[in-house]
$ cat input-v9.txt   # compact mmCIF, C-alpha atoms
# COMPACT_ATOMS: atom_id res chain seq x y z
CA MET A 1 263.27 28.76 129.97
CA ILE A 2 264.63 28.76 133.49
CA PRO A 3 261.86 28.14 136.08
CA VAL A 4 260.85 31.35 137.88
CA ARG A 5 261.21 29.88 141.36
CA CYS A 6 263.08 27.03 142.99
CA PHE A 7 260.96 23.85 142.88
CA SER A 8 261.69 22.95 146.51
CA CYS A 9 261.78 26.16 148.52
CA GLY A 10 260.05 28.71 146.29
CA LYS A 11 262.83 31.29 146.28
CA VAL A 12 262.97 33.34 143.08
CA ILE A 13 266.09 32.27 141.18
CA SER A 14 265.38 33.20 137.57
CA HIS A 15 266.34 36.88 137.93
CA VAL A 16 270.02 35.93 138.17
CA TRP A 17 269.94 33.43 135.32
CA GLU A 18 271.27 35.71 132.58
CA GLU A 19 274.12 37.01 134.71
CA TYR A 20 274.93 33.45 135.81
CA ARG A 21 275.01 32.21 132.22
CA GLU A 22 277.40 34.97 131.20
CA ARG A 23 279.71 34.60 134.17
CA ILE A 24 280.17 30.83 134.15
CA LYS A 25 282.00 31.18 130.85
CA SER A 26 285.01 32.51 132.73
CA GLU A 27 284.43 31.69 136.40
CA PRO A 28 283.72 28.50 138.38
CA PRO A 29 279.91 28.08 138.75
CA GLY A 30 280.09 27.51 142.52
CA LYS A 31 281.75 30.84 143.09
CA VAL A 32 279.26 32.65 140.84
CA LEU A 33 276.32 31.13 142.75
CA ASP A 34 277.82 32.24 146.08
CA ASP A 35 278.26 35.70 144.64
CA LEU A 36 274.68 35.90 143.38
CA GLY A 37 273.30 34.89 146.77
CA ILE A 38 272.00 31.46 145.74
CA GLU A 39 272.97 29.57 148.88
CA SER A 40 270.78 26.54 149.52
CA TYR A 41 271.48 23.44 147.46
CA CYS A 42 267.90 23.18 146.21
CA CYS A 43 268.22 26.57 144.52
CA ARG A 44 271.76 25.89 143.30
CA ARG A 45 270.75 22.76 141.42
CA MET A 46 268.04 24.76 139.62
CA LEU A 47 270.67 26.90 137.91
CA LEU A 48 273.42 24.27 137.72
CA SER A 49 271.32 21.63 136.01
CA HIS A 50 269.30 23.86 133.70
CA VAL A 51 269.56 23.32 129.96
CA GLU A 52 268.12 26.07 127.77
CA ILE A 53 266.21 24.57 124.82
CA VAL A 54 263.84 27.34 123.68
CA ASP A 55 266.12 28.35 120.83
CA THR A 56 266.24 24.75 119.65
CA LEU A 57 262.44 24.51 119.87
CA ARG A 58 261.96 27.62 117.77
CA ARG A 59 263.28 25.88 114.65
CA TYR A 60 260.29 23.52 114.74
CA GLN A 61 257.64 26.22 115.20
CA MET B 1 238.22 24.98 110.59
CA ALA B 2 241.37 26.48 109.13
CA TYR B 3 244.54 24.46 108.77
CA LYS B 4 247.90 25.50 107.43
CA CYS B 5 250.16 23.45 105.22
CA THR B 6 253.64 23.12 106.72
CA ARG B 7 255.33 23.10 103.28
CA CYS B 8 253.59 25.79 101.19
CA LYS B 9 252.23 27.76 104.19
CA LYS B 10 248.83 28.16 102.51
CA THR B 11 245.58 28.08 104.42
CA VAL B 12 243.81 24.83 103.67
CA GLU B 13 240.26 23.58 104.13
CA VAL B 14 240.18 19.89 104.86
CA ASP B 15 237.73 17.86 102.78
CA TYR B 16 237.22 14.76 104.90
CA GLU B 17 235.04 12.89 102.38
CA TYR B 18 237.12 13.26 99.27
CA SER B 19 240.87 13.63 99.69
CA GLY B 20 241.58 12.97 103.36
CA ILE B 21 244.36 14.91 105.05
CA ARG B 22 246.27 16.40 102.15
CA CYS B 23 247.13 19.89 100.95
CA PRO B 24 245.24 20.54 97.69
CA TYR B 25 247.95 22.91 96.44
CA CYS B 26 251.15 20.93 96.95
CA GLY B 27 249.99 17.51 98.09
CA HIS B 28 251.83 17.69 101.39
CA ARG B 29 250.30 15.55 104.13
CA ILE B 30 251.33 17.48 107.23
CA LEU B 31 248.88 20.20 108.22
CA MET B 32 248.92 22.49 111.24
CA LYS B 33 245.83 23.67 113.07
CA GLU B 34 245.69 27.47 113.27
CA ARG B 35 245.34 29.22 116.60
CA PRO B 36 241.70 30.30 117.11
CA THR B 37 241.21 34.09 117.06
CA THR B 38 239.14 34.02 120.26
CA VAL B 39 240.58 35.26 123.56
CA LYS B 40 241.75 32.44 125.79
CA ARG B 41 241.18 32.79 129.53
CA LEU B 42 243.06 30.68 131.99
CA LYS B 43 244.11 30.55 135.64
CA ALA B 44 247.74 31.56 136.14
CA VAL B 45 248.72 28.33 137.89
CA MET C 1 259.07 34.99 175.92
CA LYS C 2 262.20 36.74 174.71
CA VAL C 3 263.35 37.59 171.20
CA GLU C 4 266.96 38.30 170.35
CA LEU C 5 267.97 39.36 166.85
CA ILE C 6 270.90 37.52 165.32
CA GLN C 7 270.94 38.65 161.72
CA LEU C 8 268.69 40.91 159.66
CA GLU C 9 268.81 41.55 155.95
CA GLU C 10 266.22 42.80 153.50
CA ASP C 11 265.01 39.30 152.61
CA ARG C 12 266.11 37.13 155.54
CA ILE C 13 266.08 37.19 159.31
CA ARG C 14 267.51 34.98 162.05
CA PHE C 15 266.45 35.40 165.62
CA LEU C 16 266.59 33.59 168.91
CA LEU C 17 263.25 32.89 170.51
CA SER C 18 263.58 31.80 174.12
CA GLY C 19 261.00 30.83 176.70
CA ALA C 20 258.62 29.42 174.10
CA THR C 21 257.29 25.98 173.22
CA ALA C 22 258.12 24.11 170.03
CA ALA C 23 254.45 24.41 169.08
CA PHE C 24 254.69 28.20 169.14
CA ALA C 25 257.92 28.31 167.14
CA ASN C 26 256.39 26.01 164.54
CA GLY C 27 253.19 28.05 164.56
CA LEU C 28 255.16 31.17 163.70
CA ARG C 29 257.05 29.33 160.97
CA ARG C 30 253.84 28.04 159.43
CA ALA C 31 252.14 31.43 159.70
CA CYS C 32 255.02 33.02 157.77
CA MET C 33 254.71 30.43 155.04
CA SER C 34 250.99 30.05 154.57
CA GLU C 35 248.97 32.64 156.48
CA VAL C 36 250.37 35.99 155.34
CA PRO C 37 248.42 37.19 152.29
CA THR C 38 250.06 38.89 149.35
CA LEU C 39 249.27 39.75 145.73
CA ALA C 40 249.93 37.43 142.79
CA ILE C 41 248.59 37.26 139.27
CA ASP C 42 245.54 35.03 139.34
CA GLU C 43 243.92 34.90 135.93
CA ILE C 44 245.05 35.90 132.46
CA SER C 45 243.42 36.43 129.06
CA LEU C 46 245.62 35.66 126.08
CA TYR C 47 244.93 37.75 123.00
CA ASP C 48 247.95 36.53 121.12
CA ASN C 49 250.77 34.11 121.82
CA THR C 50 253.03 33.04 118.99
CA SER C 51 255.99 32.34 121.28
CA VAL C 52 257.54 28.89 121.71
CA LEU C 53 255.88 28.34 125.10
CA PHE C 54 252.33 27.07 125.55
CA ASP C 55 249.71 29.44 126.97
CA GLU C 56 249.56 27.47 130.21
CA GLN C 57 253.33 27.60 130.68
CA ILE C 58 253.27 31.37 130.30
CA GLY C 59 250.37 31.54 132.75
CA LEU C 60 252.36 29.61 135.36
CA ARG C 61 255.47 31.72 134.87
CA ILE C 62 253.55 34.98 135.21
CA GLY C 63 251.69 33.75 138.27
CA MET C 64 254.92 32.84 140.04
CA ILE C 65 256.31 36.40 139.90
CA PRO C 66 256.17 37.96 143.39
CA LEU C 67 254.55 41.40 143.47
CA GLN C 68 255.47 44.27 145.75
CA VAL C 69 252.64 46.46 146.98
CA GLU C 70 253.00 49.88 148.57
CA ASP C 71 250.07 49.42 150.92
CA LEU C 72 248.87 45.85 151.12
CA ASP C 73 246.01 46.73 153.49
CA LEU C 74 244.25 48.68 150.73
CA PHE C 75 243.33 45.36 149.14
CA SER C 76 241.12 42.64 150.51
CA GLU C 77 240.80 38.98 149.58
CA PRO C 78 238.04 38.45 146.96
CA GLU C 79 236.03 36.24 149.33
CA GLU C 80 235.89 38.98 151.95
CA CYS C 81 235.52 41.90 149.54
CA GLN C 82 232.43 44.10 149.54
CA CYS C 83 231.84 43.20 145.88
CA GLY C 84 231.28 39.58 146.95
CA GLY C 85 234.11 38.13 144.89
CA GLU C 86 232.94 39.49 141.53
CA GLY C 87 236.03 41.66 141.14
CA CYS C 88 236.44 45.34 141.91
CA PRO C 89 239.39 47.72 142.40
CA GLY C 90 239.35 46.76 146.08
CA CYS C 91 240.34 43.15 145.41
CA ARG C 92 241.86 43.18 141.91
CA VAL C 93 244.78 44.83 140.17
CA ASP C 94 244.66 44.70 136.39
CA PHE C 95 247.75 44.41 134.28
CA MET C 96 248.69 44.43 130.62
CA LEU C 97 251.60 42.84 128.78
CA SER C 98 252.14 43.53 125.12
CA VAL C 99 255.49 42.71 123.54
CA GLU C 100 256.69 41.96 120.05
CA GLY C 101 259.90 40.08 119.30
CA PRO C 102 262.76 39.67 118.94
CA GLY C 103 263.99 39.87 122.51
CA MET C 104 263.42 38.68 126.03
CA VAL C 105 260.19 39.50 127.85
CA TYR C 106 260.98 40.43 131.45
CA SER C 107 258.82 40.84 134.54
CA ARG C 108 259.41 44.59 134.34
CA ASP C 109 257.35 44.67 131.12
CA LEU C 110 254.19 43.92 133.11
CA GLN C 111 252.20 47.14 133.34
CA PHE C 112 249.87 47.41 136.30
CA THR C 113 247.01 49.89 136.40
CA ASP C 114 247.80 50.62 140.06
CA PRO C 115 251.07 52.57 140.37
CA GLY C 116 251.61 51.09 143.86
CA VAL C 117 252.02 47.56 142.49
CA LYS C 118 255.17 46.32 140.80
CA PRO C 119 257.06 43.05 140.34
CA ALA C 120 259.54 42.41 143.17
CA PHE C 121 262.27 41.63 140.66
CA ASP C 122 262.73 43.43 137.36
CA LYS C 123 264.77 40.82 135.55
CA ILE C 124 262.67 37.64 135.77
CA PRO C 125 262.63 36.24 132.21
CA ILE C 126 259.11 35.29 131.12
CA VAL C 127 259.76 34.10 127.58
CA ILE C 128 262.21 34.80 124.80
CA LEU C 129 260.54 35.93 121.58
CA GLY C 130 261.95 35.36 118.13
CA GLU C 131 261.60 37.56 115.05
CA GLY C 132 257.93 38.51 114.53
CA GLU C 133 256.64 36.56 117.56
CA LYS C 134 254.04 38.32 119.68
CA LEU C 135 252.70 38.09 123.19
CA VAL C 136 249.61 40.07 124.22
CA ILE C 137 248.18 39.32 127.64
CA GLU C 138 245.74 41.02 129.96
CA GLY C 139 244.82 39.85 133.42
CA TYR C 140 244.53 40.62 137.07
CA ALA C 141 246.20 39.92 140.39
CA THR C 142 244.36 39.02 143.58
CA LYS C 143 245.26 38.82 147.24
CA HIS C 144 245.46 35.41 148.89
CA ALA C 145 247.57 33.53 151.41
CA GLY C 146 250.12 30.79 150.75
CA ARG C 147 247.73 28.03 151.78
CA GLU C 148 245.83 28.69 148.54
CA HIS C 149 248.76 28.24 146.15
CA SER C 150 252.52 28.60 146.52
CA LYS C 151 252.53 31.68 144.28
CA TRP C 152 250.94 33.62 147.15
CA GLN C 153 253.52 32.32 149.60
CA SER C 154 255.26 35.27 151.27
CA GLY C 155 257.77 33.24 153.32
CA THR C 156 259.83 30.77 151.32
CA LEU C 157 262.52 29.09 153.41
CA CYS C 158 261.29 29.12 157.00
CA GLY C 159 262.78 26.87 159.61
CA TYR C 160 263.75 26.55 163.23
CA LYS C 161 265.99 24.46 165.43
CA ASN C 162 266.58 24.15 169.14
CA LEU C 163 269.38 26.27 170.51
CA PRO C 164 272.26 23.83 171.08
CA THR C 165 274.65 23.78 174.01
CA ILE C 166 277.94 21.93 173.90
CA GLU C 167 279.39 20.72 177.19
CA ILE C 168 282.99 19.61 177.15
CA GLY C 169 284.18 17.54 180.08
CA ASP C 170 287.55 15.75 180.34
CA CYS C 171 289.22 16.92 177.13
CA SER C 172 292.58 15.46 176.11
CA GLY C 173 293.11 18.06 173.41
CA CYS C 174 293.41 15.58 170.55
CA GLY C 175 291.58 17.94 168.14
CA LYS C 176 289.59 15.20 166.40
CA CYS C 177 286.28 16.91 167.12
CA VAL C 178 287.59 20.19 165.71
CA GLU C 179 288.47 18.45 162.48
CA VAL C 180 285.20 16.55 162.10
CA CYS C 181 282.82 19.46 162.79
CA PRO C 182 281.28 20.49 159.44
CA ARG C 183 280.16 23.91 160.71
CA LYS C 184 283.51 24.75 162.38
CA VAL C 185 281.88 25.32 165.75
CA LEU C 186 284.74 23.87 167.81
CA VAL C 187 288.25 25.30 168.18
CA LEU C 188 291.29 24.16 170.14
CA GLU C 189 292.29 26.60 172.85
CA ASP C 190 294.99 26.03 175.51
CA GLY C 191 294.99 22.28 174.76
CA ARG C 192 291.21 22.00 175.18
CA ALA C 193 288.35 21.97 172.72
CA LYS C 194 286.06 24.95 173.02
CA ALA C 195 282.71 25.76 171.40
CA THR C 196 282.69 29.15 169.72
CA ASN C 197 279.87 30.13 167.38
CA ILE C 198 277.29 27.86 168.98
CA LEU C 199 274.43 29.17 166.79
CA GLU C 200 275.99 27.52 163.76
CA CYS C 201 275.85 24.04 165.35
CA SER C 202 273.40 21.84 163.45
CA LEU C 203 273.17 19.23 166.24
CA CYS C 204 274.71 16.61 163.94
CA LYS C 205 276.60 15.07 166.93
CA LEU C 206 279.58 13.98 164.82
CA CYS C 207 281.87 15.33 167.56
CA ILE C 208 280.31 12.96 170.13
CA GLU C 209 281.07 9.95 167.95
CA GLU C 210 284.60 11.12 167.25
CA CYS C 211 285.62 11.82 170.85
CA ASP C 212 287.47 8.79 172.30
CA ALA C 213 287.20 10.08 175.85
CA GLY C 214 283.44 10.59 175.53
CA ALA C 215 283.87 14.05 176.92
CA ILE C 216 281.50 15.95 174.62
CA LYS C 217 277.81 16.37 175.22
CA VAL C 218 275.52 18.19 172.80
CA VAL C 219 272.28 19.12 174.49
CA PRO C 220 269.48 21.12 172.90
CA VAL C 221 267.89 23.83 175.03
CA LEU C 222 264.27 22.75 174.87
CA ASP C 223 262.63 26.15 175.23
CA SER C 224 264.93 28.17 172.95
CA PHE C 225 264.76 28.22 169.19
CA VAL C 226 266.78 29.71 166.39
CA LEU C 227 264.30 30.72 163.69
CA SER C 228 265.44 31.60 160.21
CA ILE C 229 262.90 33.11 157.84
CA GLU C 230 263.27 34.19 154.23
CA THR C 231 260.77 36.05 152.05
CA SER C 232 259.94 35.60 148.40
CA GLY C 233 260.62 39.31 147.86
CA CYS C 234 257.01 40.50 148.02
CA MET C 235 257.61 42.34 151.31
CA PRO C 236 260.53 43.07 153.65
CA VAL C 237 261.13 40.22 156.08
CA LYS C 238 260.44 42.47 159.09
CA GLU C 239 256.95 43.13 157.78
CA LEU C 240 256.42 39.42 157.10
CA VAL C 241 257.25 38.34 160.66
CA ALA C 242 255.18 41.20 162.10
CA ARG C 243 252.18 40.24 159.95
CA ALA C 244 252.57 36.55 160.80
CA SER C 245 252.63 37.17 164.56
CA ASP C 246 249.75 39.60 164.21
CA GLY C 247 247.80 36.86 162.41
CA ILE C 248 248.50 34.38 165.21
CA ARG C 249 247.31 36.88 167.80
CA LYS C 250 244.13 37.66 165.90
CA ARG C 251 243.25 34.01 165.55
CA ALA C 252 243.98 33.38 169.21
CA GLU C 253 241.68 36.27 170.10
CA THR C 254 238.94 34.84 167.90
CA LEU C 255 239.27 31.49 169.64
CA ASP C 256 239.16 33.23 173.00
CA ARG C 257 236.00 35.09 172.08
CA LYS C 258 234.27 31.97 170.75
CA LEU C 259 235.13 30.06 173.91
CA ALA C 260 233.79 32.91 176.03
CA GLU C 261 230.52 32.79 174.07
CA LEU C 262 230.19 29.07 174.74
CA SER C 263 230.66 29.19 178.50
$ encode --input "input-v9.txt" --output "structure tokens"
Amino acid sequence: MIPVRCFSCGKVISHVWEEYRERIKSEPPGKVLDDLGIESYCCRRMLLSHVEIVDTLRRYQ
Amino acid sequence: MAYKCTRCKKTVEVDYEYSGIRCPYCGHRILMKERPTTVKRLKAV
Amino acid sequence: MKVELIQLEEDRIRFLLSGATAAFANGLRRACMSEVPTLAIDEISLYDNTSVLFDEQIGLRIGMIPLQVEDLDLFSEPEECQCGGEGCPGCRVDFMLSVEGPGMVYSRDLQFTDPGVKPAFDKIPIVILGEGEKLVIEGYATKHAGREHSKWQSGTLCGYKNLPTIEIGDCSGCGKCVEVCPRKVLVLEDGRAKATNILECSLCKLCIEECDAGAIKVVPVLDSFVLSIETSGCMPVKELVARASDGIRKRAETLDRKLAELS
């Protein structure tokens, strides 16, 4: 699961995660982040570097 | 304490003296501990 | 002291504070970050959790959700409450979360007993539930300041810098400084470099190094500061700055009174 807030500055970033994940399929991630208002590089890396593994974990429940 | 066999999904009582960790129904040796039914309180941090 | 507004949005503000000391500007920044109390979920009771996340992980995620309150002054911090910290409607807001899978659990699913309290963002994912997975939680939110834990932090990105001034002396018009400036502060006009949007200058001084004639001087104005403050979403930024400055004044008054008692 995407962390609720940015680790460094504390800004809430998770509310844009689902839109971000949909849009990067057809648009460059940098542009999407600008559009969603994620400006500082600490917040940008939160979304850019996130790997969703909950669905993989579920198989081993 | 209730355990659950990961293969046959049956609830298992562990007999420490006799058989060790083993499912008496299917012989499988991987058991899962069940979540206690009590309410768990914790700080949201 | 003079305040001049540069930019104001719902969640961020930039303003010029002139005629103040660095200590005051930093005091305001720190007050915004750690002295303005707000509500956040403090303790939870888990009745059922068959999701993929551990109980503690869910606790952390729920605690981190910023909460908007209609009237924050109705609540008091548990330590200062008339109930003595035991928990009463004056210092606690109960909530309930009961969801069955499949599907995503969002912050909007949190149901507070007080209609004046709601999550600042509706679409914060808490956990994704699979077929037949259940999550039943009850708990309460309390009011605290950011110094207690970052989940109560009302101001997130708060910073300040000195107001820069750029003096350009004997300019040859080579345009090297215009090219090197990362914030595009300098432009070439009538064969001379000219500083335009001075507020954007980050005082990196790359232009000084680049200028062969040594004509550029970047000097910070020591008693003027550009403050930029952002909120977590729990309150509008105007309210945050007002509450922070109010807090500073109250503490200064307390100090004044104590000193008067001593002498």
$ interface_residues --input "input-v9.txt" --of "chain B" --to "chain C" --cutoff "10 Å" --atoms "all atoms listed in the file" --output "ChimeraX atom specification"
/B:35-45
$ residues_around --input "input-v9.txt" --residues "Leu48 in chain A" --least-positions-apart "4" --cutoff "10 Å" --atoms "only C-alpha atoms" --output "list in words"
Tyr20, Arg21, Pro29, Gly30, Leu33, Tyr41, Cys43 and Arg44 of chain A
$ residues_near_point --input "input-v9.txt" --point "(251.5, 17.9, 109.6)" --cutoff "9 Å" --atoms "all atoms listed in the file" --output "mmCIF file with C-alpha atoms, in the frame of the given file"
data_model
loop_
_atom_site.group_PDB
_atom_site.id
_atom_site.type_symbol
_atom_site.label_atom_id
_atom_site.label_comp_id
_atom_site.auth_asym_id
_atom_site.auth_seq_id
_atom_site.Cartn_x
_atom_site.Cartn_y
_atom_site.Cartn_z
ATOM 1 C CA LYS B 4 247.900 25.500 107.430
ATOM 2 C CA CYS B 5 250.160 23.450 105.220
ATOM 3 C CA THR B 6 253.640 23.120 106.720
ATOM 4 C CA ILE B 21 244.360 14.910 105.050
ATOM 5 C CA HIS B 28 251.830 17.690 101.390
ATOM 6 C CA ARG B 29 250.300 15.550 104.130
ATOM 7 C CA ILE B 30 251.330 17.480 107.230
ATOM 8 C CA LEU B 31 248.880 20.200 108.220
ATOM 9 C CA MET B 32 248.920 22.490 111.240
ATOM 10 C CA LYS B 33 245.830 23.670 113.070
#
$ closest_atom_pairs --input "input-v9.txt" --of "chain A" --to "chain C" --cutoff "8 Å" --atoms "only C-alpha atoms" --output "tab-separated table"
residue	atom	partner	partner_atom	distance
A:Met1	CA	C:Val127	CA	6.8
A:Ile2	CA	C:Pro125	CA	7.8
A:Pro3	CA	C:Arg61	CA	7.4
A:Val4	CA	C:Arg61	CA	6.2
A:Arg5	CA	C:Met64	CA	7.1
A:Cys9	CA	C:Thr156	CA	5.7
A:Gly10	CA	C:Thr156	CA	5.4
A:Lys11	CA	C:Ser232	CA	5.6
A:Val12	CA	C:Ser232	CA	6.5
A:Ser14	CA	C:Ile124	CA	5.5
A:His15	CA	C:Ile124	CA	4.3
A:Val16	CA	C:Lys123	CA	7.6
A:Val54	CA	C:Val52	CA	6.8
A:Leu57	CA	C:Val52	CA	6.8
A:Arg58	CA	C:Val52	CA	6.1
A:Gln61	CA	C:Val52	CA	7.0
$ residues_around --input "input-v9.txt" --residues "Leu8 in chain C" --least-positions-apart "5" --cutoff "9 Å" --atoms "all atoms listed in the file" --output "list in words"
Ile13, Arg14, Phe15, Val237 and Lys238 of chain C
$ atom_distance --input "input-v9.txt" --atom1 "CA of Asp11 in chain C" --atom2 "CA of Pro115 in chain C"
22.8 Å
$ residues_around --input "input-v9.txt" --residues "Leu188 in chain C" --least-positions-apart "5" --cutoff "10 Å" --atoms "all atoms listed in the file" --output "list in words"
Gly173, Cys174, Gly175, Lys176, Cys177, Val178, Glu179, Ala193, Lys194, Ala195 and Thr196 of chain C
$ atom_distance --input "input-v9.txt" --atom1 "CA of Glu70 in chain C" --atom2 "CA of Thr38 in chain C"
11.4 Å
$ atom_distance --input "input-v9.txt" --atom1 "CA of Ala2 in chain B" --atom2 "CA of Glu17 in chain B"
16.4 Å
$ residues_around --input "input-v9.txt" --residues "Leu39 in chain C" --least-positions-apart "6" --cutoff "6 Å" --atoms "all atoms listed in the file" --output "ChimeraX atom specification"
/C:67,142-143
$ write_last_selection --input "input-v9.txt" --atoms "C-alpha atoms" --output "JSON list (two decimals), in the frame of the given file"
[["chain", "number", "residue", "atom", "x", "y", "z"],
["C", 67, "LEU", "CA", 254.55, 41.40, 143.47],
["C", 142, "THR", "CA", 244.36, 39.02, 143.58],
["C", 143, "LYS", "CA", 245.26, 38.82, 147.24]]
$ axis_aligned_box --input "input-v9.txt" --around "range 43-59 of chain A" --padding-each-side "3 Å" --output "AutoDock Vina command-line options"
--center_x 267.7 --center_y 25.0 --center_z 129.6 --size_x 17.5 --size_y 12.7 --size_z 35.9
$ residues_around --input "input-v9.txt" --residues "Ala20 in chain C" --least-positions-apart "3" --cutoff "10 Å" --atoms "all atoms listed in the file" --output "list in words"
Met1, Lys2, Val3, Leu17, Ala23, Phe24, Ala25, Leu222, Asp223, Ser224 and Phe225 of chain C
